Every structure is written in C-alpha cells, then in structure tokens.
Amino acid sequence: MNRLIVLVFCLFALGLSLPQPTAHAAPEDEVVALAKKTLNGLQKNSIKGRREYCGYIARDRNKALVATRARGGTQASCMMPPVPSGLVPIATYHTHGAFDLGYDNETPSYQDLRSDIDADLNGFIATPGGRLWFSDKESRSVRIICGARCLITDPSYSETRHGPIEESYSLKDLARR
C-alpha cells in the first residue's frame with residue numbers, strides 16, 4: 001500500500017497521472033427510462049409532422065428527474081429551448097422526424113454530438129426507424145441504446161441508402177458520414 005502512495009506522489013510531482021479508464025460512461029437506468037418514455041411519446045407527432053422535437057432531461061429543486069416540455073423544430077433541426085428556472089439539465093433529447101431518403105437521419109449527426117459536447121451535456125436521440133442513441137460528451141461519441149423498432153417507428157421506414165448503421169460513432173466518424 002505504501003508503495004502505491006509513493007508511486008502516485010512521484011507521478012504527481014513529475015506532473016504525470018495514473019492512466020484513466022477508457023470505458024464509456026453509462027447513463028443511469030432511470031435517465032434512460034425517462035428519455036425513452038419521453039422520446040417514444042414524441043415519435044408519433046415527430047413522424048407525422050415531419051419535424052424534430054427537443055428538450056432536456058433535468059433534475060428539479062427536489063432532485064426529481066423530469067423531462068422539460070418539448071420544443072418543435074424543423075425537418076432537420078431543433079433549437080434547444082432555454083432551461084426552465086429551477087432545473088439543472090443533465091441531458092438533451094431530440095427526435096429526428098420522419099424517414100426521408102434525403103437525410104441520413106437514422107444516425108445522430110456531427111452537429112447533434114458537437115452541440116451536446118459544447119453544452120457539456122449528454123444527449124438522447126430518437127430516429128424514424130425507432131432507434132434510441134446516447135450522445136456521450138466524455139467519449140465524444142454516440143452509441144445505440146436500443147436498435148431499430150425499439151421506439152415508435154415511421155411506417156415508411158426502410159434501411160437507408162446511406163450504408164450500414166454501426167453500433168457507435170466517434171465525432172470524426174460522424175463528420176465522415
């Protein structure tokens with residue numbers, strides 16, 4: 001035990017640190033459950049209206065987990081609303097509207113992940129094919145929480161011509177996609 005303390009002290013004195021684990025952060029089960037419920041509840045209107053909806057998963061003054069009221073956007077974007085007073089946001093959420101061969105909307109976009117990183121928040125994204133994605137600000141990547149048809153799905157959905165959908169993408173991967 002004393003050797004470990006000496007090693008840590010020496011590393012610290014040299015301006016070095018112990019290697020950090022590289023595992024992706026896992027969202028809390030209750031946060032995932034609320035995100036899934038919220039996004040599933042928005043999917044029908046998002047698909048029918050061919051528009052995105054967005055908001056926050058947050059903690060209120062009593063530390064209870066809440067989803068803010070969704071704001072409607074356009075076919076390919078949604079401007080995040082101001083955070084309501086008394087809430088501490090812990091994640092964003094948004095839908096991707098209806099299935100459209102003109103958009104690569106079965107995966108989060110570069111801008112989706114970049115916005116979450118810039119806001120210092122994780123995020124959840126629902127796609128027309130019913131996928132639920134997690135945007136991880138720490139690893140700067142997105143990954144599938146549940147795959148196709150896990151959420152309400154656009155009846156017009158079919159595999160896209162944009163290539164296969166991977167289980168995860170880094171920010172660089174999304175920029176290339």
# chains A, B, ... in the order shown; residues from 1 in each chain; ligands from 1
>>> residues_around(residues="range 55-59 of chain A", least_positions_apart="4", cutoff="7 Å", atoms="only C-alpha atoms", output="ChimeraX atom specification")
/A:63-71,80-81,87-94
>>> write_last_selection(atoms="C-alpha atoms", output="PDB file, in the first residue's frame")
ATOM      1  CA  LYS A  63     -33.648  16.294  -7.181  1.00  0.00           C
ATOM      2  CA  ALA A  64     -36.511  14.533  -9.005  1.00  0.00           C
ATOM      3  CA  LEU A  65     -35.839  13.580 -12.600  1.00  0.00           C
ATOM      4  CA  VAL A  66     -38.036  15.432 -15.117  1.00  0.00           C
ATOM      5  CA  ALA A  67     -38.282  15.968 -18.850  1.00  0.00           C
ATOM      6  CA  THR A  68     -38.923  19.521 -19.970  1.00  0.00           C
ATOM      7  CA  ARG A  69     -41.720  20.326 -22.382  1.00  0.00           C
ATOM      8  CA  ALA A  70     -40.593  19.622 -25.946  1.00  0.00           C
ATOM      9  CA  ARG A  71     -39.995  22.414 -28.405  1.00  0.00           C
ATOM     10  CA  MET A  80     -32.908  23.934 -27.768  1.00  0.00           C
ATOM     11  CA  PRO A  81     -35.216  25.974 -25.525  1.00  0.00           C
ATOM     12  CA  LEU A  87     -33.984  22.888 -13.222  1.00  0.00           C
ATOM     13  CA  VAL A  88     -30.484  21.504 -13.629  1.00  0.00           C
ATOM     14  CA  PRO A  89     -30.138  19.877 -17.057  1.00  0.00           C
ATOM     15  CA  ILE A  90     -28.296  16.558 -17.209  1.00  0.00           C
ATOM     16  CA  ALA A  91     -29.023  15.594 -20.838  1.00  0.00           C
ATOM     17  CA  THR A  92     -30.656  16.811 -24.014  1.00  0.00           C
ATOM     18  CA  TYR A  93     -33.189  14.857 -26.036  1.00  0.00           C
ATOM     19  CA  HIS A  94     -34.499  15.184 -29.567  1.00  0.00           C
TER      20      HIS A  94
END
>>> select_by_dssp(residues="chain A", states="strand (DSSP E or B)", output="number ranges by chain")
A: 53-59, 65-67, 71-72, 88-95, 122-126, 132-136, 141-146, 168-170
>>> atom_distance(atom1="CA of Gly129 in chain A", atom2="CA of Leu113 in chain A")
19.1 Å
>>> residues_around(residues="Asn40 in chain A", least_positions_apart="6", cutoff="8 Å", atoms="only C-alpha atoms", output="PyMOL selection string")
chain A and resi 126+151-152
>>> residues_around(residues="range 73-79 of chain A", least_positions_apart="5", cutoff="7 Å", atoms="only C-alpha atoms", output="list in words")
Arg50, Arg51, Glu52, Tyr53, Cys54 and Gly97 of chain A
>>> write_last_selection(atoms="N, CA, C and O atoms", output="CSV table (one decimal), in the first residue's frame")
chain,number,residue,atom,x,y,z
A,50,ARG,N,-43.3,15.5,-39.6
A,50,ARG,CA,-42.0,15.6,-40.3
A,50,ARG,C,-41.1,16.7,-39.7
A,50,ARG,O,-40.5,17.5,-40.4
A,51,ARG,N,-41.0,16.7,-38.4
A,51,ARG,CA,-40.2,17.7,-37.7
A,51,ARG,C,-39.6,17.2,-36.5
A,51,ARG,O,-40.1,16.2,-35.9
A,52,GLU,N,-38.5,17.8,-36.0
A,52,GLU,CA,-37.8,17.4,-34.8
A,52,GLU,C,-38.5,18.0,-33.6
A,52,GLU,O,-39.1,19.1,-33.7
A,53,TYR,N,-38.3,17.4,-32.5
A,53,TYR,CA,-38.7,18.0,-31.2
A,53,TYR,C,-37.6,17.8,-30.3
A,53,TYR,O,-36.8,16.8,-30.3
A,54,CYS,N,-37.4,18.8,-29.4
A,54,CYS,CA,-36.2,18.7,-28.5
A,54,CYS,C,-36.5,19.3,-27.1
A,54,CYS,O,-37.5,20.0,-26.9
A,97,GLY,N,-37.6,13.2,-36.6
A,97,GLY,CA,-38.7,13.4,-37.5
A,97,GLY,C,-39.0,12.2,-38.3
A,97,GLY,O,-38.8,11.0,-37.8
>>> closest_residue(among="A:Glu138, A:Asp112, A:Glu30, A:Asp104", to="Gly163 in chain A", atoms="only C-alpha atoms")
A:Asp104
>>> residues_around(residues="Tyr157 in chain A", least_positions_apart="5", cutoff="10 Å", atoms="only C-alpha atoms", output="NGL selection string")
:A and (98-101 or 106 or 127-130 or 148-149)
>>> write_last_selection(atoms="N, CA and C atoms", output="tab-separated table (two decimals), in the first residue's frame")
chain	number	residue	atom	x	y	z
A	98	ALA	N	-39.46	12.36	-39.55
A	98	ALA	CA	-39.92	11.26	-40.41
A	98	ALA	C	-38.77	10.68	-41.24
A	99	PHE	N	-38.96	9.46	-41.68
A	99	PHE	CA	-38.00	8.82	-42.57
A	99	PHE	C	-37.97	9.58	-43.89
A	100	ASP	N	-36.76	9.83	-44.40
A	100	ASP	CA	-36.60	10.59	-45.63
A	100	ASP	C	-35.28	10.18	-46.25
A	101	LEU	N	-35.31	9.66	-47.48
A	101	LEU	CA	-34.07	9.24	-48.14
A	101	LEU	C	-33.11	10.40	-48.36
A	106	GLU	N	-31.00	8.26	-39.57
A	106	GLU	CA	-31.01	7.06	-38.71
A	106	GLU	C	-29.81	7.05	-37.76
A	127	THR	N	-34.70	8.07	-33.68
A	127	THR	CA	-34.71	8.13	-35.13
A	127	THR	C	-36.04	7.61	-35.69
A	128	PRO	N	-36.32	7.91	-36.96
A	128	PRO	CA	-37.56	7.42	-37.57
A	128	PRO	C	-37.66	5.89	-37.58
A	129	GLY	N	-36.52	5.22	-37.61
A	129	GLY	CA	-36.51	3.76	-37.59
A	129	GLY	C	-36.66	3.19	-36.20
A	130	GLY	N	-36.89	4.06	-35.20
A	130	GLY	CA	-37.14	3.61	-33.84
A	130	GLY	C	-35.89	3.33	-33.01
A	148	ALA	N	-33.22	-0.69	-34.09
A	148	ALA	CA	-34.37	-0.43	-34.94
A	148	ALA	C	-35.65	-1.01	-34.34
A	149	ARG	N	-36.70	-0.20	-34.40
A	149	ARG	CA	-38.04	-0.55	-33.94
A	149	ARG	C	-38.16	-0.70	-32.42
>>> select_by_dssp(residues="range 2-161 of chain A", states="helix (DSSP H, G or I)", output="ChimeraX atom specification")
/A:2-13,29-49,110-119
>>> atom_distance(atom1="CA of Cys150 in chain A", atom2="CA of Val83 in chain A")
28.3 Å
>>> residues_around(residues="Glu166 in chain A", least_positions_apart="2", cutoff="10 Å", atoms="only C-alpha atoms", output="PyMOL selection string")
chain A and resi 107+143-144+163-164+168-169
>>> closest_residue(among="A:His162, A:Lys37, A:Arg131, A:Lys137", to="Arg177 in chain A", atoms="only C-alpha atoms")
A:His162
>>> residues_around(residues="Ala35 in chain A", least_positions_apart="4", cutoff="7 Å", atoms="only C-alpha atoms", output="ChimeraX atom specification")
/A:31,39,93,124
